>>> print(open('protein-v7.txt').read())   # compact mmCIF, C-alpha atoms
# COMPACT_ATOMS: atom_id res chain seq x y z
CA MET A 1 0.00 0.00 0.00
CA LYS A 2 2.86 2.38 0.77
CA LYS A 3 4.44 1.65 -2.60
CA ILE A 4 1.25 2.64 -4.39
CA LEU A 5 1.06 5.94 -2.49
CA ILE A 6 4.69 6.78 -3.30
CA LEU A 7 4.17 6.00 -7.01
CA SER A 8 1.03 8.14 -7.12
CA TYR A 9 2.96 11.03 -5.54
CA LEU A 10 5.75 10.76 -8.09
CA LEU A 11 3.33 10.74 -11.02
CA TRP A 12 1.47 13.77 -9.67
CA GLY A 13 4.73 15.65 -9.17
CA SER A 14 5.72 14.94 -12.80
CA VAL A 15 2.41 16.31 -14.13
CA CYS A 16 2.71 19.49 -12.08
CA PHE A 17 6.22 20.05 -13.46
CA GLY A 18 4.88 19.71 -17.01
CA GLN A 19 2.09 22.22 -16.35
CA THR A 20 4.32 24.92 -14.87
CA SER A 21 7.49 24.60 -16.99
CA GLY A 22 6.26 23.20 -20.29
CA THR A 23 5.87 19.80 -21.84
CA GLY A 24 8.88 17.97 -23.17
CA ILE A 25 8.89 15.09 -25.67
CA ASN A 26 12.27 13.37 -25.39
CA GLU A 27 13.32 16.46 -23.42
CA LEU A 28 13.80 16.49 -19.65
CA THR A 29 14.02 20.29 -19.30
CA PRO A 30 11.53 21.91 -21.73
CA GLU A 31 12.52 25.40 -22.89
CA GLN A 32 9.09 26.18 -24.36
CA LYS A 33 5.47 25.24 -23.57
CA LEU A 34 5.96 22.33 -26.01
CA HIS A 35 9.53 21.18 -26.65
CA LEU A 36 10.31 18.36 -29.08
CA GLY A 37 13.71 17.09 -27.96
CA SER A 38 14.72 15.14 -31.06
CA GLN A 39 17.19 15.95 -33.83
CA THR A 40 15.27 13.83 -36.34
CA GLY A 41 11.69 14.01 -35.02
CA THR A 42 8.85 16.07 -36.48
CA ILE A 43 5.20 16.90 -35.75
CA ARG A 44 2.30 15.43 -37.69
CA VAL A 45 -1.15 17.06 -37.86
CA ASP A 46 -3.67 14.77 -39.55
CA GLY A 47 -6.01 17.69 -40.19
CA LEU A 48 -3.44 19.19 -42.57
CA ASN A 49 -2.65 16.10 -44.64
CA GLY A 50 -3.66 15.45 -48.24
CA VAL A 51 -6.59 13.21 -47.29
CA ASN A 52 -8.25 15.56 -44.82
CA ASN A 53 -7.38 19.03 -46.14
CA GLY A 54 -8.44 20.40 -49.51
CA TYR A 55 -5.63 22.99 -49.47
CA ASN A 56 -3.01 20.23 -49.34
CA GLY A 57 -2.04 19.10 -52.85
CA GLY A 58 -1.53 15.57 -51.58
CA GLU A 59 1.42 14.84 -53.87
CA VAL A 60 3.99 12.50 -52.32
CA GLY A 61 7.33 14.20 -51.72
CA MET A 62 5.91 17.74 -52.01
CA THR A 63 5.57 20.27 -49.18
CA TYR A 64 3.01 23.05 -48.72
CA PRO A 65 3.31 26.25 -46.62
CA VAL A 66 1.56 26.45 -43.25
CA TYR A 67 0.11 29.78 -42.05
CA VAL A 68 -1.21 31.04 -38.71
CA ASP A 69 -4.59 32.81 -38.59
CA SER A 70 -5.75 35.52 -36.15
CA ASN A 71 -6.75 32.86 -33.61
CA GLY A 72 -3.33 31.23 -33.69
CA ASP A 73 -4.67 28.19 -35.56
CA LEU A 74 -2.42 26.49 -38.13
CA THR A 75 -3.86 26.46 -41.64
CA LEU A 76 -2.87 25.81 -45.25
CA GLU A 77 -5.36 28.37 -46.59
CA ILE A 78 -3.83 31.53 -48.04
CA SER A 79 -5.52 34.78 -47.03
CA ALA A 80 -4.83 38.14 -48.63
CA THR A 81 -5.82 41.79 -48.36
CA GLU A 82 -6.94 41.64 -51.99
CA ASN A 83 -7.42 38.43 -53.98
CA SER A 84 -9.46 38.45 -57.19
CA ASP A 85 -9.26 34.69 -57.65
CA GLY A 86 -12.40 33.75 -59.59
CA TYR A 87 -13.75 37.24 -60.31
CA ASP A 88 -12.86 40.43 -62.18
CA PRO A 89 -11.85 43.14 -59.66
CA TRP A 90 -11.90 46.14 -62.01
CA THR A 91 -14.40 47.56 -64.47
CA THR A 92 -14.08 50.75 -66.49
CA THR A 93 -17.12 52.12 -64.66
CA GLY A 94 -15.63 51.38 -61.25
CA ILE A 95 -12.21 52.95 -61.82
CA ASN A 96 -10.70 55.96 -63.53
CA GLY A 97 -10.07 53.74 -66.49
CA THR A 98 -9.12 55.82 -69.55
CA VAL A 99 -6.32 58.13 -70.63
CA THR A 100 -6.28 60.26 -73.78
CA ILE A 101 -3.65 62.15 -75.79
CA PRO A 102 -3.85 65.05 -76.23
CA ALA A 103 -5.37 66.14 -72.92
CA GLY A 104 -5.46 69.92 -72.55
CA GLY A 105 -2.72 70.59 -75.05
CA PRO A 106 0.62 69.11 -76.08
CA ASN A 107 2.60 67.36 -73.35
CA ASP A 108 5.33 65.69 -75.39
CA GLY A 109 2.85 62.95 -76.21
CA TYR A 110 2.62 61.69 -72.59
CA GLU A 111 -0.41 61.41 -70.32
CA THR A 112 -1.14 59.52 -67.10
CA VAL A 113 -4.14 58.53 -64.99
CA GLU A 114 -4.52 57.07 -61.49
CA ILE A 115 -6.50 53.87 -61.89
CA LEU A 116 -7.09 53.03 -58.21
CA ASP A 117 -5.58 53.37 -54.76
CA ILE A 118 -5.20 50.84 -51.96
CA PRO A 119 -5.10 52.28 -48.39
CA LEU A 120 -3.21 50.20 -45.83
CA THR A 121 -2.64 50.76 -42.11
CA VAL A 122 -0.01 48.56 -40.44
CA THR A 123 1.03 48.33 -36.78
CA ARG A 124 4.40 46.72 -37.49
CA PRO A 125 6.95 46.89 -40.31
CA VAL A 126 5.68 44.67 -43.14
CA ILE A 127 6.38 43.63 -46.71
CA VAL A 128 3.50 43.89 -49.19
CA GLU A 129 3.33 41.50 -52.14
CA LEU A 130 1.50 42.93 -55.18
CA LYS A 131 0.52 41.06 -58.33
CA TYR A 132 -1.69 42.37 -61.10
CA SER A 133 -2.87 41.65 -64.62
CA LEU A 134 -4.63 44.56 -66.34
CA SER A 135 -6.31 44.58 -69.74
CA MET A 136 -6.23 47.53 -72.14
CA GLU A 137 -7.47 48.51 -75.57
CA VAL A 138 -5.80 51.05 -77.85
CA PHE A 139 -7.79 53.51 -79.99
CA ALA A 140 -7.29 56.83 -81.73
CA ASP A 141 -9.97 58.69 -79.72
CA PRO A 142 -12.75 58.25 -77.11
CA ALA A 143 -15.11 57.21 -79.93
CA PHE A 144 -13.00 54.02 -80.19
CA THR A 145 -11.75 54.76 -83.70
CA ILE A 146 -9.07 52.30 -84.83
CA ILE A 147 -5.65 53.90 -85.21
CA LYS A 148 -4.66 54.43 -88.83
CA ASP A 149 -1.26 56.13 -88.49
CA ALA A 150 2.14 54.48 -88.31
CA TYR A 151 3.20 55.92 -84.93
CA ALA A 152 4.00 53.67 -81.96
CA ARG A 153 2.31 54.01 -78.58
CA GLN A 154 3.76 52.80 -75.29
CA ILE A 155 1.37 51.88 -72.46
CA THR A 156 2.79 51.40 -68.95
CA ASN A 157 1.34 50.44 -65.55
CA PHE A 158 3.00 50.72 -62.14
CA PHE A 159 2.47 51.39 -58.41
CA THR A 160 3.77 54.25 -56.28
CA LEU A 161 3.93 54.42 -52.49
CA ASN A 162 2.07 57.32 -50.83
CA ASP A 163 3.26 60.09 -53.17
CA PRO A 164 0.65 60.94 -55.87
CA ILE A 165 2.99 63.36 -57.66
CA LEU A 166 4.56 61.72 -60.68
CA THR A 167 8.09 63.07 -60.97
CA SER A 168 11.37 61.48 -61.91
CA THR A 169 12.22 61.08 -58.20
CA VAL A 170 9.13 59.01 -57.29
CA ARG A 171 9.91 55.30 -57.26
CA ARG A 172 7.74 53.14 -59.50
CA TYR A 173 7.03 49.55 -58.43
CA GLY A 174 5.99 46.62 -60.61
CA GLN A 175 6.36 48.40 -63.93
CA SER A 176 5.08 46.67 -67.05
CA SER A 177 4.81 48.05 -70.61
CA LYS A 178 3.45 47.18 -74.02
CA CYS A 179 4.08 48.87 -77.36
CA TYR A 180 1.27 49.27 -79.90
CA PHE A 181 2.17 49.85 -83.56
CA ASN A 182 -0.03 49.83 -86.64
CA ASN A 183 1.45 50.28 -90.10
CA ASN A 184 -1.33 49.78 -92.63
CA ASP A 185 -2.24 51.10 -96.05
CA ALA A 186 -4.26 53.93 -94.55
CA VAL A 187 -1.01 55.86 -94.12
CA THR A 188 -0.44 56.21 -97.86
CA ASN A 189 -4.13 56.03 -98.71
CA PRO A 190 -6.19 58.05 -96.19
CA ALA A 191 -9.43 56.85 -97.77
CA ALA A 192 -8.59 53.22 -96.93
CA SER A 193 -10.27 51.55 -93.99
CA PRO A 194 -8.02 50.86 -90.99
CA ASP A 195 -7.03 47.21 -90.85
CA ALA A 196 -5.32 47.03 -87.45
CA ALA A 197 -6.09 44.22 -85.04
CA THR A 198 -8.45 44.97 -82.17
CA GLY A 199 -8.90 43.35 -78.78
CA PHE A 200 -7.28 43.23 -75.36
CA ILE A 201 -3.58 43.36 -74.57
CA TYR A 202 -2.27 42.99 -71.02
CA ASN A 203 0.28 44.41 -68.63
CA SER A 204 1.21 42.13 -65.73
CA GLY A 205 3.60 42.74 -62.87
CA THR A 206 4.79 41.53 -59.46
CA THR A 207 6.52 43.62 -56.82
CA TYR A 208 7.36 43.67 -53.11
CA ILE A 209 7.18 46.92 -51.11
CA SER A 210 8.47 47.49 -47.55
CA LEU A 211 6.09 49.49 -45.35
CA PRO A 212 6.98 51.03 -41.97
CA VAL A 213 4.42 51.41 -39.18
CA GLY A 214 1.63 53.84 -40.13
CA THR A 215 -1.02 54.58 -42.76
CA HIS A 216 -0.04 54.29 -46.41
CA THR A 217 -1.60 54.48 -49.87
CA LEU A 218 -0.52 52.31 -52.79
CA ARG A 219 -1.48 54.10 -56.01
CA PHE A 220 -1.83 52.26 -59.32
CA TYR A 221 -1.22 54.27 -62.50
CA GLY A 222 -1.58 53.90 -66.23
CA THR A 223 0.35 55.99 -68.76
CA VAL A 224 0.48 56.31 -72.51
CA SER A 225 3.16 57.88 -74.68
CA SER A 226 3.11 58.64 -78.40
CA GLY A 227 6.41 60.46 -78.41
CA PHE A 228 7.06 64.04 -79.45
CA SER A 229 4.55 63.68 -82.30
CA ASP A 230 1.75 63.97 -79.70
CA GLN A 231 -0.49 61.67 -81.76
CA ASN A 232 -4.15 61.26 -80.82
CA THR A 233 -4.44 58.18 -78.60
CA HIS A 234 -7.09 56.77 -76.27
CA ILE A 235 -6.38 53.87 -73.89
CA LYS A 236 -9.28 52.03 -72.25
CA PHE A 237 -8.11 50.13 -69.16
CA ALA A 238 -9.85 47.19 -67.44
CA GLY A 239 -12.32 46.34 -70.18
CA GLY A 240 -11.46 42.64 -70.09
CA PRO A 241 -10.89 40.03 -67.37
CA ASP A 242 -8.38 41.42 -64.87
CA ALA A 243 -6.72 40.26 -61.66
CA ILE A 244 -5.07 41.65 -58.53
CA PHE A 245 -3.48 40.02 -55.49
CA VAL A 246 -2.23 41.85 -52.36
CA ARG A 247 -0.75 40.03 -49.39
CA ILE A 248 1.03 41.31 -46.27
CA TYR A 249 3.96 39.48 -44.66
>>> encode(input="protein-v7.txt", output="structure tokens")
Amino acid sequence: MKKILILSYLLWGSVCFGQTSGTGINELTPEQKLHLGSQTGTIRVDGLNGVNNGYNGGEVGMTYPVYVDSNGDLTLEISATENSDGYDPWTTTGINGTVTIPAGGPNDGYETVEILDIPLTVTRPVIVELKYSLSMEVFADPAFTIIKDAYARQITNFFTLNDPILTSTVRRYGQSSKCYFNNNDAVTNPAASPDAATGFIYNSGTTYISLPVGTHTLRFYGTVSSGFSDQNTHIKFAGGPDAIFVRIY
């Protein structure tokens, strides 16, 4: 009977030690609440495996990133500030979606428009991941006349951080450009119908921006340039299927 009492005391003392100092697996002196004391051991969570979790690809030999949500729960699901997966985030009626040359007089054939802004407030230094794919159509004027001349147009998209003033000193993030050129018989024969291709072209970009603590605004711009010739140009942004992804680390 005495032996049983002594054994019970020892077991109870071991449990109390685990509750106050942490729990050790193959570790006599835990340094954290849960300490795995093995150089080759790992932790398995059945709720995250390929059979039980739809976010696990289930391919043998492959690994998948694990995230922590606001409750501290482990998850494979990716969450983002903006994620247009499965839908079109921009429409020309919902954004400032067009830019035209000339606009109020010659400007060396260059005009710009702010397409949208993304306000962010962060309580710690973070890195923002930005990905976008934006459609555009190129015309001669707001009446959507097909371009007949032989002058090239360059269309560019990019982000800026906080500063809305576009000068040479403002850093541009995630820049992407396309060049539109149409050389058809309408140049030598003005009466000819324009025979340029129509449809959507795309600018796509990825960038990472460091943000300090505070409130910030990420501004997304579109520009068009026709060079010093200042040729009539009209760019319609976001008329097709578009995408944006914003995630904070």
>>> residues_near_point(input="protein-v7.txt", point="(-5.0, 41.1, -81.5)", cutoff="12 Å", atoms="only C-alpha atoms", output="list in words")
Met136, Glu137, Val138, Tyr180, Phe181, Asn182, Asp195, Ala196, Ala197, Thr198, Gly199, Phe200, Ile201 and Tyr202 of chain A
>>> write_last_selection(input="protein-v7.txt", atoms="C-alpha atoms", output="PDB file, in the frame of the given file")
ATOM      1  CA  MET A 136      -6.230  47.530 -72.140  1.00  0.00           C
ATOM      2  CA  GLU A 137      -7.470  48.510 -75.570  1.00  0.00           C
ATOM      3  CA  VAL A 138      -5.800  51.050 -77.850  1.00  0.00           C
ATOM      4  CA  TYR A 180       1.270  49.270 -79.900  1.00  0.00           C
ATOM      5  CA  PHE A 181       2.170  49.850 -83.560  1.00  0.00           C
ATOM      6  CA  ASN A 182      -0.030  49.830 -86.640  1.00  0.00           C
ATOM      7  CA  ASP A 195      -7.030  47.210 -90.850  1.00  0.00           C
ATOM      8  CA  ALA A 196      -5.320  47.030 -87.450  1.00  0.00           C
ATOM      9  CA  ALA A 197      -6.090  44.220 -85.040  1.00  0.00           C
ATOM     10  CA  THR A 198      -8.450  44.970 -82.170  1.00  0.00           C
ATOM     11  CA  GLY A 199      -8.900  43.350 -78.780  1.00  0.00           C
ATOM     12  CA  PHE A 200      -7.280  43.230 -75.360  1.00  0.00           C
ATOM     13  CA  ILE A 201      -3.580  43.360 -74.570  1.00  0.00           C
ATOM     14  CA  TYR A 202      -2.270  42.990 -71.020  1.00  0.00           C
TER      15      TYR A 202
END
>>> closest_residue(input="protein-v7.txt", among="A:Asn26, A:Thr233, A:Thr217, A:Thr206", to="Thr160 of chain A", atoms="only C-alpha atoms")
A:Thr217
>>> residues_around(input="protein-v7.txt", residues="Asp117 of chain A", least_positions_apart="5", cutoff="8 Å", atoms="all atoms listed in the file", output="compact mmCIF listing (two decimals) with C-alpha atoms, keeping the file's coordinate frame")
# COMPACT_ATOMS: atom_id res chain seq x y z
CA THR A 217 -1.60 54.48 -49.87
CA LEU A 218 -0.52 52.31 -52.79
CA ARG A 219 -1.48 54.10 -56.01
CA PHE A 220 -1.83 52.26 -59.32
>>> residues_near_point(input="protein-v7.txt", point="(5.7, 26.1, -26.1)", cutoff="10 Å", atoms="only C-alpha atoms", output="number ranges by chain")
A: 21-24, 30-36
>>> residues_around(input="protein-v7.txt", residues="Val126 of chain A", least_positions_apart="4", cutoff="8 Å", atoms="all atoms listed in the file", output="PyMOL selection string")
chain A and resi 122+210-213+248-249
>>> closest_residue(input="protein-v7.txt", among="A:Ser135, A:Asn71, A:Thr223, A:Asn49", to="Ile244 of chain A", atoms="all atoms listed in the file")
A:Ser135
>>> closest_atom_pairs(input="protein-v7.txt", of="segment 100-154 of chain A", to="segment 161-177 of chain A", cutoff="9 Å", atoms="all atoms listed in the file", output="JSON lines")
{"residue": "A:Thr112", "atom": "CA", "partner": "A:Leu166", "partner_atom": "CA", "distance": 8.9}
{"residue": "A:Glu114", "atom": "CA", "partner": "A:Pro164", "partner_atom": "CA", "distance": 8.6}
{"residue": "A:Leu130", "atom": "CA", "partner": "A:Gly174", "partner_atom": "CA", "distance": 8.0}
{"residue": "A:Lys131", "atom": "CA", "partner": "A:Gly174", "partner_atom": "CA", "distance": 8.1}
{"residue": "A:Tyr132", "atom": "CA", "partner": "A:Gly174", "partner_atom": "CA", "distance": 8.8}
{"residue": "A:Gln154", "atom": "CA", "partner": "A:Ser177", "partner_atom": "CA", "distance": 6.8}
>>> closest_residue(input="protein-v7.txt", among="A:Asn53, A:Ser225, A:Phe159, A:Leu134", to="Ser204 of chain A", atoms="only C-alpha atoms")
A:Leu134
>>> atom_distance(input="protein-v7.txt", atom1="atom CA of Gly109 of chain A", atom2="atom CA of Pro142 of chain A")
16.3 Å
>>> closest_residue(input="protein-v7.txt", among="A:Val128, A:Ala243, A:Ile101, A:Ala143", to="Asp230 of chain A", atoms="all atoms listed in the file")
A:Ile101
>>> residues_around(input="protein-v7.txt", residues="Asp88 of chain A", least_positions_apart="2", cutoff="9 Å", atoms="all atoms listed in the file", output="list in words")
Ser84, Asp85, Gly86, Trp90, Thr91, Gly240, Pro241, Asp242, Ala243 and Ile244 of chain A
>>> atom_distance(input="protein-v7.txt", atom1="atom CA of Pro119 of chain A", atom2="atom CA of Tyr55 of chain A")
29.3 Å
>>> atom_distance(input="protein-v7.txt", atom1="atom CA of Arg44 of chain A", atom2="atom CA of Leu74 of chain A")
12.0 Å
>>> closest_residue(input="protein-v7.txt", among="A:Ile95, A:Val66, A:Val51, A:Ala238", to="Leu116 of chain A", atoms="all atoms listed in the file")
A:Ile95
